[in-house]
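What follows is target-v3.cif (mmCIF, C-alpha atoms).
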data_structure
#
loop_
_atom_site.label_atom_id
_atom_site.label_comp_id
_atom_site.auth_asym_id
_atom_site.auth_seq_id
_atom_site.Cartn_x
_atom_site.Cartn_y
_atom_site.Cartn_z
CA MET A 259 -31.52 -11.20 -17.34
CA SER A 260 -27.96 -12.46 -17.62
CA THR A 261 -25.54 -11.49 -14.90
CA ALA A 262 -22.24 -9.75 -15.53
CA PRO A 263 -19.29 -12.06 -16.25
CA GLN A 264 -17.59 -13.53 -13.23
CA ARG A 265 -14.30 -11.93 -12.26
CA PRO A 266 -11.81 -12.25 -9.42
CA ALA A 267 -12.50 -10.03 -6.44
CA ALA A 268 -10.29 -6.95 -6.28
CA PRO A 269 -8.00 -6.76 -3.27
CA GLY A 270 -9.35 -4.78 -0.33
CA PRO A 271 -12.76 -3.16 -0.07
CA LEU A 272 -12.74 -1.44 -3.47
CA ALA A 273 -14.39 -2.79 -6.62
CA ILE A 274 -11.16 -2.63 -8.64
CA GLY A 275 -7.43 -2.71 -8.10
CA PHE A 276 -4.46 -1.79 -10.26
CA ASP A 277 -4.16 -5.36 -11.59
CA ASP A 278 -7.64 -4.99 -13.10
CA ILE A 279 -6.51 -1.89 -14.97
CA ARG A 280 -3.38 -3.63 -16.24
CA ALA A 281 -5.52 -6.54 -17.45
CA ALA A 282 -7.89 -4.11 -19.18
CA ALA A 283 -4.93 -2.47 -20.92
CA GLY A 284 -4.00 -5.88 -22.30
CA ARG A 285 -7.50 -6.43 -23.73
CA LEU A 286 -7.53 -2.96 -25.26
CA ALA A 287 -4.07 -3.23 -26.84
CA GLY A 288 -4.40 -2.95 -30.61
CA VAL A 289 -8.13 -2.15 -30.32
CA ALA A 290 -8.36 1.19 -28.51
CA HIS A 291 -6.27 4.15 -29.66
CA ARG A 292 -3.33 5.19 -27.54
CA THR A 293 -4.47 8.79 -27.63
CA PRO A 294 -1.95 11.64 -27.81
CA VAL A 295 -0.90 13.94 -25.00
CA LEU A 296 -0.78 17.61 -26.03
CA GLN A 297 1.09 20.54 -24.49
CA SER A 298 0.60 24.26 -25.07
CA ARG A 299 2.97 27.08 -24.17
CA THR A 300 -0.01 29.41 -24.03
CA LEU A 301 -1.82 27.15 -21.59
CA ASP A 302 1.28 26.85 -19.43
CA ALA A 303 1.66 30.66 -19.43
CA LEU A 304 -1.99 31.21 -18.48
CA THR A 305 -1.88 28.73 -15.61
CA GLY A 306 1.74 28.91 -14.45
CA ALA A 307 1.83 25.12 -14.67
CA GLN A 308 3.24 22.46 -16.97
CA VAL A 309 0.06 20.97 -18.41
CA PHE A 310 -0.43 17.66 -20.20
CA LEU A 311 -3.76 17.12 -21.96
CA LYS A 312 -4.77 13.49 -22.52
CA CYS A 313 -6.92 13.77 -25.66
CA GLU A 314 -9.63 11.14 -25.35
CA ASN A 315 -11.64 13.21 -27.82
CA LEU A 316 -9.41 11.38 -30.34
CA GLN A 317 -10.33 7.94 -28.99
CA ARG A 318 -12.44 5.55 -31.08
CA MET A 319 -16.04 6.86 -31.22
CA GLY A 320 -14.72 10.15 -29.85
CA ALA A 321 -14.54 9.52 -26.09
CA PHE A 322 -12.87 7.57 -23.29
CA LYS A 323 -16.03 5.47 -22.93
CA PHE A 324 -14.78 3.02 -25.56
CA ARG A 325 -12.18 1.76 -23.10
CA GLY A 326 -14.64 0.64 -20.44
CA ALA A 327 -17.29 -0.65 -22.82
CA TYR A 328 -14.90 -2.82 -24.83
CA ASN A 329 -13.20 -4.14 -21.72
CA ALA A 330 -16.56 -5.18 -20.25
CA LEU A 331 -17.93 -6.77 -23.42
CA ALA A 332 -14.67 -8.59 -24.16
CA ARG A 333 -15.14 -10.50 -20.90
CA PHE A 334 -18.58 -11.89 -21.87
CA SER A 335 -19.06 -15.64 -22.00
CA ALA A 336 -20.14 -17.27 -25.26
CA GLU A 337 -23.72 -17.45 -23.94
CA GLN A 338 -23.73 -13.76 -23.05
CA ARG A 339 -22.40 -12.83 -26.48
CA ARG A 340 -25.20 -14.76 -28.17
CA ALA A 341 -27.88 -13.02 -26.09
CA GLY A 342 -26.27 -9.61 -26.46
CA VAL A 343 -25.82 -6.46 -24.42
CA ILE A 344 -28.09 -3.65 -23.29
CA ALA A 345 -26.88 -0.24 -22.08
CA PHE A 346 -28.35 3.13 -21.13
CA SER A 347 -26.53 6.36 -21.82
CA SER A 348 -26.84 10.03 -22.77
CA GLY A 349 -24.59 9.37 -25.72
CA ASN A 350 -20.93 8.42 -25.29
CA HIS A 351 -21.42 5.12 -23.45
CA ALA A 352 -24.16 4.41 -25.99
CA GLN A 353 -21.74 4.81 -28.88
CA ALA A 354 -19.02 2.91 -27.05
CA VAL A 355 -21.21 -0.13 -26.35
CA ALA A 356 -22.66 -0.07 -29.86
CA LEU A 357 -19.22 0.00 -31.47
CA SER A 358 -17.81 -2.61 -29.09
CA ALA A 359 -20.76 -4.93 -29.73
CA ARG A 360 -20.25 -4.50 -33.46
CA LEU A 361 -16.54 -5.32 -33.18
CA LEU A 362 -17.27 -8.37 -31.04
CA GLY A 363 -20.22 -9.54 -33.15
CA MET A 364 -23.05 -9.41 -30.63
CA PRO A 365 -26.56 -7.88 -30.59
CA ALA A 366 -27.07 -4.64 -28.69
CA VAL A 367 -29.94 -2.49 -27.43
CA ILE A 368 -29.15 1.06 -26.36
CA VAL A 369 -31.50 3.15 -24.20
CA MET A 370 -30.97 6.87 -24.90
CA PRO A 371 -32.69 10.15 -23.95
CA GLN A 372 -34.92 11.48 -26.71
CA ASP A 373 -33.07 14.81 -26.45
CA SER A 374 -29.61 13.25 -26.90
CA PRO A 375 -27.29 15.36 -29.07
CA ALA A 376 -28.14 14.53 -32.67
CA ALA A 377 -24.55 13.64 -33.47
CA LYS A 378 -24.39 11.09 -30.65
CA LEU A 379 -27.75 9.57 -31.58
CA ALA A 380 -26.83 9.30 -35.26
CA ALA A 381 -23.45 7.76 -34.49
CA THR A 382 -24.98 5.19 -32.13
CA ARG A 383 -27.53 4.14 -34.72
CA GLY A 384 -24.77 3.93 -37.30
CA TYR A 385 -22.67 1.58 -35.17
CA LEU A 386 -25.71 -0.66 -34.71
CA GLN A 387 -26.12 -1.23 -38.44
CA PRO A 388 -24.62 -4.24 -40.26
CA VAL A 389 -21.20 -3.72 -41.82
CA PRO A 390 -21.67 -3.05 -45.56
CA GLY A 391 -20.70 -6.04 -47.64
CA GLN A 392 -20.80 -8.49 -44.72
CA THR A 393 -23.62 -10.88 -43.91
CA GLY A 394 -24.78 -12.31 -40.63
CA GLN A 395 -23.88 -9.22 -38.61
CA PRO A 396 -26.05 -8.56 -35.54
CA VAL A 397 -28.42 -5.61 -35.81
CA GLY A 398 -29.07 -3.43 -32.80
CA GLU A 399 -31.66 -0.83 -31.90
CA VAL A 400 -32.01 2.41 -29.97
CA VAL A 401 -34.85 2.79 -27.45
CA LEU A 402 -35.65 6.43 -26.61
CA TYR A 403 -36.94 7.80 -23.29
CA ASP A 404 -37.62 11.13 -21.57
CA ARG A 405 -34.71 11.83 -19.23
CA TYR A 406 -36.81 14.17 -17.05
CA THR A 407 -39.81 11.88 -16.49
CA GLU A 408 -38.63 8.29 -17.04
CA ASP A 409 -36.12 6.04 -15.26
CA ARG A 410 -33.49 4.79 -17.70
CA GLU A 411 -32.18 2.21 -15.25
CA ALA A 412 -35.64 0.69 -14.85
CA ILE A 413 -36.09 0.59 -18.62
CA GLY A 414 -32.73 -1.12 -19.02
CA ARG A 415 -33.45 -3.73 -16.35
CA ARG A 416 -36.85 -4.50 -17.87
CA ILE A 417 -35.50 -5.06 -21.38
CA ALA A 418 -32.58 -7.10 -20.03
CA ALA A 419 -34.99 -9.39 -18.19
CA GLU A 420 -37.31 -9.74 -21.18
CA ARG A 421 -34.54 -10.58 -23.66
CA GLY A 422 -31.95 -12.30 -21.50
CA MET A 423 -29.37 -9.63 -22.30
CA THR A 424 -26.51 -8.52 -20.06
CA LEU A 425 -26.87 -4.97 -18.75
CA ILE A 426 -23.68 -2.92 -18.79
CA PRO A 427 -24.22 0.40 -16.99
CA PRO A 428 -22.24 3.49 -18.01
CA TYR A 429 -20.09 3.71 -14.89
CA ASP A 430 -21.04 1.47 -11.96
CA HIS A 431 -19.40 -1.74 -13.15
CA PRO A 432 -15.91 -3.06 -12.26
CA ASP A 433 -14.89 -3.83 -15.85
CA VAL A 434 -16.09 -0.43 -17.05
CA MET A 435 -14.17 1.30 -14.26
CA ALA A 436 -11.01 -0.70 -14.97
CA GLY A 437 -11.18 0.07 -18.68
CA GLN A 438 -11.55 3.80 -18.04
CA GLY A 439 -8.53 3.70 -15.75
CA THR A 440 -6.29 2.81 -18.68
CA ALA A 441 -6.52 6.45 -19.80
CA ALA A 442 -4.61 7.58 -16.70
CA LEU A 443 -2.23 4.65 -17.01
CA GLU A 444 -1.30 5.77 -20.52
CA LEU A 445 -1.05 9.43 -19.53
CA ILE A 446 1.42 8.64 -16.75
CA GLU A 447 3.48 6.43 -19.06
CA GLN A 448 3.50 9.10 -21.77
CA THR A 449 4.62 11.89 -19.40
CA ALA A 450 7.15 9.92 -17.35
CA ALA A 451 10.11 11.70 -18.94
CA PHE A 452 8.92 15.02 -17.50
CA GLY A 453 8.69 13.71 -13.94
CA PRO A 454 5.72 12.58 -11.84
CA LEU A 455 2.43 14.46 -12.04
CA ASP A 456 1.50 16.59 -9.06
CA LEU A 457 -2.14 16.94 -10.02
CA LEU A 458 -4.63 15.06 -12.19
CA LEU A 459 -7.93 16.70 -13.21
CA VAL A 460 -10.74 14.39 -14.27
CA CYS A 461 -14.33 15.12 -15.28
CA VAL A 462 -17.02 13.51 -13.13
CA GLY A 463 -20.44 12.18 -14.07
CA GLY A 464 -21.24 8.86 -12.44
CA GLY A 465 -17.64 8.36 -11.35
CA GLY A 466 -16.40 5.52 -13.57
CA LEU A 467 -13.61 7.52 -15.19
CA ILE A 468 -12.33 9.20 -12.05
CA ALA A 469 -12.53 5.96 -10.04
CA GLY A 470 -10.46 4.04 -12.58
CA CYS A 471 -8.03 6.91 -13.11
CA ALA A 472 -7.57 7.48 -9.38
CA VAL A 473 -6.71 3.83 -8.77
CA ALA A 474 -4.18 3.85 -11.60
CA ALA A 475 -2.64 7.21 -10.75
CA ARG A 476 -2.38 6.65 -7.01
CA HIS A 477 -0.84 3.20 -7.51
CA LEU A 478 1.86 4.59 -9.79
CA ASN A 479 2.36 7.80 -7.80
CA PRO A 480 0.84 7.89 -4.29
CA ALA A 481 1.68 11.60 -4.00
CA VAL A 482 -0.49 12.73 -6.94
CA ARG A 483 -3.63 14.69 -6.08
CA VAL A 484 -6.64 13.58 -8.12
CA ILE A 485 -9.34 16.26 -8.38
CA GLY A 486 -12.74 15.68 -9.94
CA VAL A 487 -14.64 18.39 -11.81
CA GLU A 488 -18.44 18.57 -12.08
CA PRO A 489 -20.79 21.14 -13.61
CA GLU A 490 -22.18 23.58 -11.04
CA ALA A 491 -25.73 22.45 -11.76
CA GLY A 492 -24.86 18.78 -11.17
CA ASN A 493 -22.57 18.58 -8.16
CA ASP A 494 -24.02 15.40 -6.67
CA VAL A 495 -20.59 13.82 -6.11
CA GLN A 496 -19.32 16.93 -4.37
CA GLN A 497 -22.37 16.80 -2.10
CA SER A 498 -21.90 13.07 -1.59
CA LEU A 499 -18.32 13.50 -0.39
CA ALA A 500 -19.36 16.28 1.98
CA GLN A 501 -22.17 14.19 3.47
CA GLY A 502 -20.40 10.82 3.43
CA ARG A 503 -23.21 9.15 1.50
CA ILE A 504 -24.47 8.97 -2.08
CA VAL A 505 -26.66 12.01 -2.70
CA HIS A 506 -29.38 11.83 -5.36
CA ILE A 507 -30.34 14.99 -7.29
CA ASP A 508 -32.78 15.89 -10.04
CA THR A 509 -31.43 15.65 -13.58
CA PRO A 510 -29.17 18.72 -13.81
CA ARG A 511 -29.74 21.26 -16.54
CA THR A 512 -26.29 21.90 -17.96
CA ILE A 513 -24.65 21.90 -21.38
CA ALA A 514 -22.40 19.10 -20.06
CA ASP A 515 -24.80 16.35 -21.13
CA GLY A 516 -22.30 13.62 -20.27
CA ALA A 517 -22.41 14.76 -16.63
CA GLN A 518 -26.19 14.94 -16.29
CA THR A 519 -26.17 12.03 -13.87
CA GLN A 520 -28.40 12.06 -10.80
CA HIS A 521 -26.03 10.17 -8.52
CA CYS A 522 -22.71 8.37 -8.52
CA GLY A 523 -22.40 4.61 -8.26
CA THR A 524 -22.32 2.29 -5.27
CA LEU A 525 -19.03 0.93 -6.65
CA THR A 526 -17.50 4.21 -7.78
CA PHE A 527 -18.27 6.20 -4.62
CA PRO A 528 -16.04 4.23 -2.21
CA VAL A 529 -13.13 4.61 -4.65
CA ILE A 530 -13.74 8.34 -4.88
CA GLN A 531 -13.89 8.59 -1.08
CA GLN A 532 -10.58 6.79 -0.70
CA ALA A 533 -8.52 7.96 -3.68
CA VAL A 534 -9.82 11.39 -4.78
CA ALA A 535 -8.56 14.53 -3.03
CA GLY A 536 -11.65 16.60 -3.76
CA ILE A 537 -14.36 17.71 -6.18
CA VAL A 538 -14.74 21.20 -7.65
CA THR A 539 -17.35 22.69 -9.98
CA VAL A 540 -17.35 24.98 -13.01
CA SER A 541 -20.10 26.95 -14.72
CA ASP A 542 -21.44 26.38 -18.21
CA ALA A 543 -19.85 29.70 -19.21
CA GLN A 544 -16.45 28.42 -18.04
CA LEU A 545 -17.00 25.23 -20.04
CA VAL A 546 -17.60 27.25 -23.18
CA GLN A 547 -14.41 29.22 -22.52
CA ALA A 548 -12.49 25.95 -22.31
CA MET A 549 -14.05 24.70 -25.54
CA ARG A 550 -13.09 27.92 -27.30
CA PHE A 551 -9.53 27.78 -25.98
CA ALA A 552 -9.19 24.18 -27.17
CA ALA A 553 -10.43 25.15 -30.64
CA GLU A 554 -8.37 28.31 -31.05
CA ARG A 555 -5.09 27.35 -29.39
CA LEU A 556 -5.01 23.55 -29.51
CA LYS A 557 -7.02 22.98 -32.73
CA GLN A 558 -9.12 20.42 -30.85
CA VAL A 559 -12.90 20.01 -30.86
CA ILE A 560 -14.07 19.03 -27.39
CA GLU A 561 -17.58 18.58 -26.05
CA PRO A 562 -18.76 20.49 -22.96
CA THR A 563 -18.27 17.52 -20.60
CA GLY A 564 -14.86 16.90 -22.11
CA GLY A 565 -13.82 20.41 -21.11
CA LEU A 566 -14.59 20.13 -17.38
CA GLY A 567 -10.98 19.59 -16.30
CA LEU A 568 -9.59 22.21 -18.66
CA ALA A 569 -12.22 24.70 -17.49
CA ALA A 570 -11.25 24.19 -13.85
CA LEU A 571 -7.63 24.86 -14.77
CA LEU A 572 -8.21 27.91 -16.97
CA SER A 573 -10.63 29.53 -14.53
CA GLY A 574 -8.31 29.11 -11.58
CA VAL A 575 -10.85 27.03 -9.68
CA VAL A 576 -7.96 24.62 -9.12
CA PRO A 577 -4.71 26.54 -8.49
CA ALA A 578 -1.87 24.83 -10.34
CA ARG A 579 1.05 27.25 -10.48
CA GLY A 580 4.40 25.49 -10.37
CA GLN A 581 2.88 22.03 -10.74
CA ARG A 582 2.90 19.29 -13.37
CA VAL A 583 -0.77 18.80 -14.22
CA GLY A 584 -2.51 16.07 -16.18
CA VAL A 585 -5.95 16.82 -17.61
CA LEU A 586 -8.28 14.16 -18.98
CA VAL A 587 -10.08 15.63 -22.00
CA SER A 588 -12.84 13.07 -21.99
CA GLY A 589 -14.56 13.47 -25.36
CA GLY A 590 -15.31 15.45 -28.49
CA ASN A 591 -18.80 14.39 -29.52
CA VAL A 592 -20.80 17.57 -29.97
CA ASP A 593 -23.33 18.78 -32.53
CA ILE A 594 -21.47 21.15 -34.84
CA ALA A 595 -24.26 23.73 -35.05
CA ARG A 596 -24.59 23.86 -31.26
CA TYR A 597 -20.80 23.97 -30.90
CA ALA A 598 -20.51 26.90 -33.30
CA ALA A 599 -23.30 28.80 -31.55
CA LEU A 600 -21.73 28.34 -28.11
CA LEU A 601 -18.29 29.46 -29.24
CA ALA A 602 -19.64 32.45 -31.20
CA ASP A 603 -21.07 33.95 -28.01
CA SER A 604 -17.91 33.42 -25.95
CA PRO A 605 -15.05 35.96 -25.72
CA PRO A 606 -11.53 34.60 -26.26
CA LEU A 607 -9.06 34.16 -23.43
CA SER A 608 -5.86 36.18 -23.54
CA ALA A 609 -2.44 35.12 -22.30
#

Could you write out this file's structure as structure tokens?
Amino acid sequence: MSTAPQRPAAPGPLAIGFDDIRAAAGRLAGVAHRTPVLQSRTLDALTGAQVFLKCENLQRMGAFKFRGAYNALARFSAEQRRAGVIAFSSGNHAQAVALSARLLGMPAVIVMPQDSPAAKLAATRGYLQPVPGQTGQPVGEVVLYDRYTEDREAIGRRIAAERGMTLIPPYDHPDVMAGQGTAALELIEQTAAFGPLDLLLVCVGGGGLIAGCAVAARHLNPAVRVIGVEPEAGNDVQQSLAQGRIVHIDTPRTIADGAQTQHCGTLTFPVIQQAVAGIVTVSDAQLVQAMRFAAERLKQVIEPTGGLGLAALLSGVVPARGQRVGVLVSGGNVDIARYAALLADSPPLSA
């Protein structure tokens, strides 16, 4: 198994610093989309806040994960690129690594749950196919597993060792964390004319996004409060903060498939402890409400995990009246039939 590319140590005890995020932004320039920031008078009226939604559902492959995956793969040595990359993911990191590998011309193997959303599975397989009309492109493959009975990390390590590939995990990797942090960097740059943010809401799975975003946001504005949002059924990070150690849980049963992690990372957790003000949770029903609001009022399709921050704001779980609030909308990859069914059973919000 190839090791991750060598990189300078981040200052202090944390895995990344702000310089790492700036460097990642340079690698992503002209490759990743600079996603828009949306505002809504209705949302402001409902919450009593001035809200800025960073729409990573409009990022390449439909989620913020492209930032971290491309940043990590772009730092591979020539030898690592020849051997290729392996990743495990419920869907968005899978697509991100597959697309990044295709753009950088390297082989890829993606380990995915057999019950992954069909749209995410189909997109991942599509990115792993040769580009039509071009020859010599690497061809990748998807390896399926049962998320409730098998260990995806063990599967990934085994294949990496057998094939000499470099394993890039979905969140617990410095280059992944730094790449994800560029989303908050952009958001703060894009909203600077309105004044500094008071609050930043970020969805939490394994902690890569919130770790990177917290480092970026707190460097640029030490007064900002960064709050993470988890599904009620999967509040392992909330428990971890309360107990001062990484808590492991069974795979949570929630519609937020991107947050069905069993524990946060050994690299992400110290950042969360130091830079995140707290973790809150929302129910699946509140997630559906957020998805419906985004569709009806913002004309945006967001996946359940992508709506965690918005759900916390709309439900009042995080009071925000009188504050300038940034919300990371993390992704929009959702099966259309499932999306329609969820929204059909949900009553609309009223201002």

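The coordinates place atom CA of A:Asn479 at 18.2 Å from atom CA of A:Ala283.
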
For the interface of stretch 278-363 of chain A with stretch 409-412 of chain A (cut-off 12 Å, counting all atoms listed in the file), please tabulate each contacting residue of stretch 278-363 of chain A alongside its nearest pair of atoms and their separation in Å to one decimal, rows sorted by chain and increasing number, as CSV.
residue,atom,partner,partner_atom,distance
A:Ile344,CA,A:Glu411,CA,10.8
A:Ala345,CA,A:Glu411,CA,9.0
A:Phe346,CA,A:Arg410,CA,6.4
A:Ser347,CA,A:Arg410,CA,8.2
A:Ser348,CA,A:Arg410,CA,9.9

task = Run through the PyMOL selection byres ((chain A and resi 566) around 9) on the given coordinates and return the selected residues as a PyMOL selection string.
result = chain A and resi 459-462+486-489+514+539-540+544-545+548+562-565+567-571+586-588

message = So that I can check the surroundings of A:Gly589, please list as an NGL selection string every protein, DNA and RNA residue that reaches within 12 Å of it, counting only C-alpha atoms and ignoring chain neighbours fewer than 6 positions away.
response = :A and (293 or 311-324 or 349-351 or 353-354 or 378 or 460-461 or 467 or 514-517 or 549 or 558-567)

Selection dump of the PyMOL selection byres ((chain A and resi 432-436) around 9), as JSON, numbers by chain = {"A": [265, 273, 274, 275, 276, 277, 278, 279, 280, 281, 282, 283, 323, 325, 326, 327, 328, 329, 330, 331, 333, 426, 427, 428, 429, 430, 431, 437, 438, 439, 440, 465, 466, 467, 468, 469, 470, 471, 473, 474, 525, 526]}

Any chance you could export the current selection's C-alpha atoms as a short mmCIF file (atom, residue, chain, number, x, y, z; two decimals), keeping the file's coordinate frame?
data_model
loop_
_atom_site.label_atom_id
_atom_site.label_comp_id
_atom_site.auth_asym_id
_atom_site.auth_seq_id
_atom_site.Cartn_x
_atom_site.Cartn_y
_atom_site.Cartn_z
CA ARG A 265 -14.30 -11.93 -12.26
CA ALA A 273 -14.39 -2.79 -6.62
CA ILE A 274 -11.16 -2.63 -8.64
CA GLY A 275 -7.43 -2.71 -8.10
CA PHE A 276 -4.46 -1.79 -10.26
CA ASP A 277 -4.16 -5.36 -11.59
CA ASP A 278 -7.64 -4.99 -13.10
CA ILE A 279 -6.51 -1.89 -14.97
CA ARG A 280 -3.38 -3.63 -16.24
CA ALA A 281 -5.52 -6.54 -17.45
CA ALA A 282 -7.89 -4.11 -19.18
CA ALA A 283 -4.93 -2.47 -20.92
CA LYS A 323 -16.03 5.47 -22.93
CA ARG A 325 -12.18 1.76 -23.10
CA GLY A 326 -14.64 0.64 -20.44
CA ALA A 327 -17.29 -0.65 -22.82
CA TYR A 328 -14.90 -2.82 -24.83
CA ASN A 329 -13.20 -4.14 -21.72
CA ALA A 330 -16.56 -5.18 -20.25
CA LEU A 331 -17.93 -6.77 -23.42
CA ARG A 333 -15.14 -10.50 -20.90
CA ILE A 426 -23.68 -2.92 -18.79
CA PRO A 427 -24.22 0.40 -16.99
CA PRO A 428 -22.24 3.49 -18.01
CA TYR A 429 -20.09 3.71 -14.89
CA ASP A 430 -21.04 1.47 -11.96
CA HIS A 431 -19.40 -1.74 -13.15
CA GLY A 437 -11.18 0.07 -18.68
CA GLN A 438 -11.55 3.80 -18.04
CA GLY A 439 -8.53 3.70 -15.75
CA THR A 440 -6.29 2.81 -18.68
CA GLY A 465 -17.64 8.36 -11.35
CA GLY A 466 -16.40 5.52 -13.57
CA LEU A 467 -13.61 7.52 -15.19
CA ILE A 468 -12.33 9.20 -12.05
CA ALA A 469 -12.53 5.96 -10.04
CA GLY A 470 -10.46 4.04 -12.58
CA CYS A 471 -8.03 6.91 -13.11
CA VAL A 473 -6.71 3.83 -8.77
CA ALA A 474 -4.18 3.85 -11.60
CA LEU A 525 -19.03 0.93 -6.65
CA THR A 526 -17.50 4.21 -7.78
#

Centre and size of axis-aligned box enclosing stretch 549-560 of chain A plus 6 Å each side, as AutoDock Vina command-line options:
--center_x -9.5 --center_y 23.7 --center_z -29.1 --size_x 21.1 --size_y 21.3 --size_z 19.2

Would it be fine to have stretch 550-572 of chain A, with C-alpha atoms, given as a short mmCIF file (atom, residue, chain, number, x, y, z; two decimals), in the first residue's frame?
data_model
loop_
_atom_site.label_atom_id
_atom_site.label_comp_id
_atom_site.auth_asym_id
_atom_site.auth_seq_id
_atom_site.Cartn_x
_atom_site.Cartn_y
_atom_site.Cartn_z
CA ARG A 550 -38.95 21.26 0.68
CA PHE A 551 -38.16 24.87 1.60
CA ALA A 552 -35.08 24.82 -0.63
CA ALA A 553 -37.14 23.47 -3.54
CA GLU A 554 -40.12 25.78 -3.16
CA ARG A 555 -38.48 29.05 -2.13
CA LEU A 556 -34.91 28.78 -3.39
CA LYS A 557 -35.48 26.55 -6.45
CA GLN A 558 -32.62 24.34 -5.26
CA VAL A 559 -32.49 20.54 -5.08
CA ILE A 560 -30.58 19.49 -1.98
CA GLU A 561 -30.00 16.03 -0.56
CA PRO A 562 -30.95 15.21 3.05
CA THR A 563 -27.38 15.56 4.37
CA GLY A 564 -27.01 18.81 2.48
CA GLY A 565 -29.97 20.22 4.39
CA LEU A 566 -28.64 19.64 7.91
CA GLY A 567 -27.54 23.24 8.49
CA LEU A 568 -30.65 24.72 6.91
CA ALA A 569 -32.85 22.40 8.98
CA ALA A 570 -31.20 23.52 12.21
CA LEU A 571 -31.86 27.13 11.24
CA LEU A 572 -35.46 26.70 10.10
#
